[in-house]
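Okay, structure first, notes after.
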Protein chains: 2
Amino acid sequence: METSAVKPYVVGMDIGGTNTVMGIVDQRGNILATDTVKTGQYEQVEDYVEAVCAKLIPLIEKHGGAENFRGIGIGAPNANYYRGTIEQASNLPWKGIVPLAEMFKQKTGVPVAMTNDANAAALGEMTYGAARGMKDFIMITLGTGVGSGIVINGQMVYGHDGFAGELGHVCVDRSPEARLCGCGRRGCLEAYCSATGVARTAREVLVANAEPSLLREVPAEQITSKDVYDAAVKGDKLALEIFQRTGEILGRAIVDFIAFSSPEAIVLFGGLTKSGEYIMRPIREAVEANVMPIFKGKAKIILSELKDADAAVLGASALGWEA
Amino acid sequence: METSAVKPYVVGMDIGGTNTVMGIVDQRGNILATDTVKTGQYEQVEDYVEAVCAKLIPLIEKHGGAENFRGIGIGAPNANYYRGTIEQASNLPWKGIVPLAEMFKQKTGVPVAMTNDANAAALGEMTYGAARGMKDFIMITLGTGVGSGIVINGQMVYGHDGFAGELGHVCVDRSPEARLCGCGRRGCLEAYCSATGVARTAREVLVANAEPSLLREVPAEQITSKDVYDAAVKGDKLALEIFQRTGEILGRAIVDFIAFSSPEAIVLFGGLTKSGEYIMRPIREAVEANVMPIFKGKAKIILSELKDADAAVLGASALGWEA
């Protein structure tokens with residue numbers, strides 16, 4: 001904490017396919033200022049870095065300049081912690097291996113560390129959220145995709161190559177008819193518990209059952225977990241069935257994660273978790289029904305404590321302290 | 001290494017359901033002396049500790065006494081690293097929670113550390129075997145059961161409760177007809193890739209195929225991977241099919257382990273691995289065919305480099321240096 005007392009701020013930067021959000025963060029996790037850039041508008045990464053810095057550098061100056069900043073933490077898809085690169089990110093405009101950490105460091109004069117968005121979320125949860133004080137937990141982000149960040153012995157798990165923690169792509173259905181995942185393989189957890197996975201389960205449930213359902217009013221391709229939640233609140237039976245199926249698949253996957261690292265908690269984050277107990281109860285029931293006896297009742301299944309809008313920036317900023 | 005230079009020896013003790021083997025080990029991994037006790041003969045744990053010490057203490061004395069020993073490392077089923085206990089071990093005579101580390105420490109005057117047998121095997125591999133110099137690898141032991149020891153960032157993964165690394169009990173078949181495992185659940189990796197799992201696959205293959213096979217000469221319940229190997233060497237088609245199925249199940253499970261911690265290597269140990277390329281080729285093929293693109297060609301699938309007879313004692317002894 002001595003160094004951070006001298007340098008009281010970090011930058012947290014969340015790079016998504018649509019927007020890049022950057023924030024100035026202090027040691028207590030207060031976001032003092034933010035700004036955004038449209039990621040998708042910049043086909044050349046040099047132009048993108050230029051555009052980000054045109055907004056970021058004035059913010060840094062306003063807070064005392066580079067010498068007041070411990071680091072810049074970046075969360076981005078397919079980011080490599082060891083190399084400070086983004087590698088083959090399918091939903092970013094820049095192809096191949098992009099040395100983004102070095103580029104930002106040269107422009108700003110502040111050290112840069114980066115990791116993937118789910119790892120950043122886990123760091124944020126450990127530093128400011130539901131996993132404060134925990135040395136062993138697994139963060140699972142349930143959004144457009146399913147991501148994860150794993151913490152063991154108080155350390156982020158990066159693996160030998162910097163890409164560990166791809167729990168959205170463990171196989172939950174090994175049958176030949178298993179769902180095709182965006183990664184090109186079949187049966188991945190992400191194909192069932194991401195936003196599109198839930199919409200697909202909704203379609204299957206609606207086709208397989210003749211019963212009336214409020215969800216029949218929503219175009220089948222566009223059903224979100226929010227629609228399912230709204231229907232469930234009104235007692236819609238098929239909506240409850242969709243949460244049941246989704247929760248059971250996720251719960252059984254979590255059972256295998258527990259067998260791996262026996263974490264103190266599984267922290268869930270993202271759109272699906274806004275459905276609260278409608279989704280949490282089936283998850284917890286599936287975990288308790290299937291977990292090994294030796295692990296029964298041990299791992300807590302809890303929700304993120306970071307506010308949606310802040311979580312990505314806070315998570316990335318947590319990495320800034322280590323930069 | 002300073003401390004260990006002062007205290008040049010450790011004890012490695014492997015507690016199995018049938019035998020307990022103890023050995024005096026030096027810093028280079030040489031086993032200088034060994035002795036054994038029949039574990040199953042002692043219904044009272046106090047009598048067991050007495051019997052072990054009656055043989056162990058003279059060995060310690062012969063090597064300069066307790067002051068020459070850095071520690072006693074014990075590998076045992078269901079051993080808890082944090083608490084130094086054996087807890088609810090189904091194939092040991094003592095029920096409940098047994099504070100074995102403390103009992104041995106009081107009798108010998110040497111510090112004691114214990115962990116489960118698969119974790120001990122991983123420590124042995126890291127200290128003296130195929131995983132020397134690796135910071136991220138997973139050891140999988142294929143014997144009567146399927147065990148595992150996971151190393152991440154150069155540290156053994158014990159989990160928040162000391163029981164992490166139960167990879168023999170991840171689910172590889174979520175269908176209701178999946179095989180029943182010894183743990184009482186269905187579809188565990190152990191139900192397919194342990195000795196009894198391989199025998200069971202052999203029976204299924206022999207029943208499902210009318211073809212002649214050398215394996216039809218062996219009582220179906222007793223087929224071991226050695227029998228399957230002997231038949232495979234002679235070109236037996238069904239024997240090759242058994243390895244193919246077993247290797248594919250294990251390979252696909254390994255794909256999920258890679259998604260978790262992205263290890264540098266998977267180290268395999270135990271009876272099944274004696275079949276060499278007959279089993280290793282299907283495992284490697286299943287890994288390469290199913291692993292995420294980002295991990296392709298990265299994790300090595302390799303064999304243990306510790307000799308069978310020595311591995312358990314060496315593995316346990318590696319823990320002795322940390323006691």
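Within each chain, counting starts at residue 1; across the structure tokens, chains are named A, B, ... in the order shown, with ligands numbered 1 upward in that order.
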
(request) Determine which residues of chain B sit within 6 Å of chain A, taking into account only C-alpha atoms, and present them as a list of chain:residue names. (result)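 Taken together, these residues fit the definition: B:Asp136, B:Gly159, B:His160, B:Ala164, B:Gly165, B:Glu166, B:Val170, B:Asp256, B:Ala259, B:Phe260, B:Ser261, B:Ser262, B:Pro263, B:Glu264.
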
(message) Which residues are close to segment 116-120 of chain A, i.e. within 6 Å by only C-alpha atoms, leaving aside same-chain residues fewer than 5 positions away? Reply as a list in words.
(response)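 Those residues are Gly75, Ala76, Pro77, Asn78, Ala79, Gly147, Ser148, Gly149, Gly315 and Ala316 of chain A.
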
So that I have them on file, write out the residues from the current selection with N, CA and C atoms, as an mmCIF file, in the first residue's frame.
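The result, written out as part.cif:
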```
data_model
loop_
_atom_site.group_PDB
_atom_site.id
_atom_site.type_symbol
_atom_site.label_atom_id
_atom_site.label_comp_id
_atom_site.auth_asym_id
_atom_site.auth_seq_id
_atom_site.Cartn_x
_atom_site.Cartn_y
_atom_site.Cartn_z
ATOM 1 N N GLY A 75 -9.440 -4.550 -19.237
ATOM 2 C CA GLY A 75 -10.151 -5.811 -19.447
ATOM 3 C C GLY A 75 -10.630 -5.835 -20.884
ATOM 4 N N ALA A 76 -10.303 -6.902 -21.605
ATOM 5 C CA ALA A 76 -10.677 -6.969 -23.025
ATOM 6 C C ALA A 76 -10.813 -8.422 -23.445
ATOM 7 N N PRO A 77 -11.649 -8.700 -24.426
ATOM 8 C CA PRO A 77 -11.788 -10.084 -24.890
ATOM 9 C C PRO A 77 -10.464 -10.600 -25.444
ATOM 10 N N ASN A 78 -10.150 -11.857 -25.141
ATOM 11 C CA ASN A 78 -8.928 -12.513 -25.633
ATOM 12 C C ASN A 78 -7.633 -11.790 -25.269
ATOM 13 N N ALA A 79 -7.656 -11.034 -24.181
ATOM 14 C CA ALA A 79 -6.438 -10.360 -23.748
ATOM 15 C C ALA A 79 -5.514 -11.354 -23.065
ATOM 16 N N GLY A 147 -18.285 -16.274 -19.519
ATOM 17 C CA GLY A 147 -16.863 -16.169 -19.216
ATOM 18 C C GLY A 147 -16.595 -16.579 -17.784
ATOM 19 N N SER A 148 -15.316 -16.662 -17.429
ATOM 20 C CA SER A 148 -15.001 -17.001 -16.043
ATOM 21 C C SER A 148 -13.640 -16.470 -15.652
ATOM 22 N N GLY A 149 -13.505 -16.203 -14.367
ATOM 23 C CA GLY A 149 -12.219 -15.833 -13.792
ATOM 24 C C GLY A 149 -12.035 -16.674 -12.542
ATOM 25 N N GLY A 315 -13.433 -3.631 -12.250
ATOM 26 C CA GLY A 315 -12.670 -4.865 -12.415
ATOM 27 C C GLY A 315 -11.339 -4.584 -13.092
ATOM 28 N N ALA A 316 -11.385 -3.861 -14.200
ATOM 29 C CA ALA A 316 -10.148 -3.531 -14.916
ATOM 30 C C ALA A 316 -9.229 -2.690 -14.033
#
```

(request) Name the closest residue to Ile72 of chain B among the candidates B:Ile223, B:Val218, B:Met103, B:Val10; distances are taken between atoms, counting only C-alpha atoms. (result)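 Ranked by minimum distance to Ile72 of chain B, first place goes to B:Val10.
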
(request) Please identify all polymer residues within 12 Å of segment 40-55 of chain B, counting only C-alpha atoms, omitting same-chain residues fewer than 3 positions from it, and present them as number ranges by chain. (result) B: 11, 13-24, 33-37, 58-62, 86, 91-110

(request) Would you mind writing down, as a PyMOL selection string, each residue of segment 22-141 of chain B that DSSP on the backbone assigns to helix (DSSP H, G or I)? (result) chain B and resi 39-41+45-62+66-68+100-108+117-128

(request) Looking only at strand (DSSP E or B) from DSSP on the backbone, list the matching residues of segment 115-198 of chain A as a ChimeraX atom specification. (result) /A:115,137-142,146-152,155-156,171,180,186,188

Write the residues you've just listed into a file as a CSV table (one decimal), in the first residue's frame, and include C-alpha atoms for each of them.
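Heads up, here's the output in result_31.csv:
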```csv
chain,number,residue,atom,x,y,z
A,115,THR,CA,-6.4,-9.5,-18.9
A,137,PHE,CA,-13.5,-18.5,-5.7
A,138,ILE,CA,-14.7,-18.7,-9.3
A,139,MET,CA,-16.4,-15.8,-11.0
A,140,ILE,CA,-18.8,-16.7,-13.8
A,141,THR,CA,-20.1,-14.0,-16.1
A,142,LEU,CA,-23.4,-14.8,-17.9
A,146,VAL,CA,-20.2,-17.2,-20.7
A,147,GLY,CA,-16.9,-16.2,-19.2
A,148,SER,CA,-15.0,-17.0,-16.0
A,149,GLY,CA,-12.2,-15.8,-13.8
A,150,ILE,CA,-10.7,-18.3,-11.3
A,151,VAL,CA,-8.9,-17.3,-8.1
A,152,ILE,CA,-6.8,-19.9,-6.3
A,155,GLN,CA,-4.0,-15.5,-7.1
A,156,MET,CA,-5.7,-15.1,-10.5
A,171,CYS,CA,-18.6,-29.5,-22.4
A,180,LEU,CA,-23.3,-25.8,-31.7
A,186,ARG,CA,-20.5,-28.7,-29.6
A,188,CYS,CA,-20.3,-25.9,-24.5
```

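Compared by their closest atoms to Gly65 of chain A, and using only C-alpha atoms, the residues A:Tyr9, A:Ser90, A:Leu272, A:Arg200 rank with A:Tyr9 nearest.
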
(request) Select, from B:Ala178, B:Ile242, B:Val233, B:Leu319, the residue with the minimum atom-to-atom distance to Ala199 of chain B, counting only C-alpha atoms. (result)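 Counting only C-alpha atoms, the residue closest to Ala199 of chain B is B:Ile242.
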
(message) Report, in Å to a single decimal, how far apart atom CA of Leu189 of chain B and atom CA of Thr201 of chain B are.
(response)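 Between these atoms lies a distance of 12.6 Å.
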
(request) Find the residue from B:Gly235, B:Gly129, B:Pro282, B:Gly64 that sits nearest to Leu214 of chain B; use only C-alpha atoms when measuring. (result)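 With only C-alpha atoms as the atom set, the closest residue is B:Gly235.
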
(request) Go ahead and compute the interatomic distance for atom CA of Tyr81 of chain B and atom CA of Ala323 of chain B, in Å to one decimal. (result)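 Separation between atom CA of Tyr81 of chain B and atom CA of Ala323 of chain B: 10.4 Å.
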
(message) Between B:Ala131, B:Leu306, B:Ala122, B:Ile301, which residue has the minimum interatomic distance to Ala286 of chain B, considering only C-alpha atoms?
(response)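 Under the stated criterion, the closest residue is B:Ile301.
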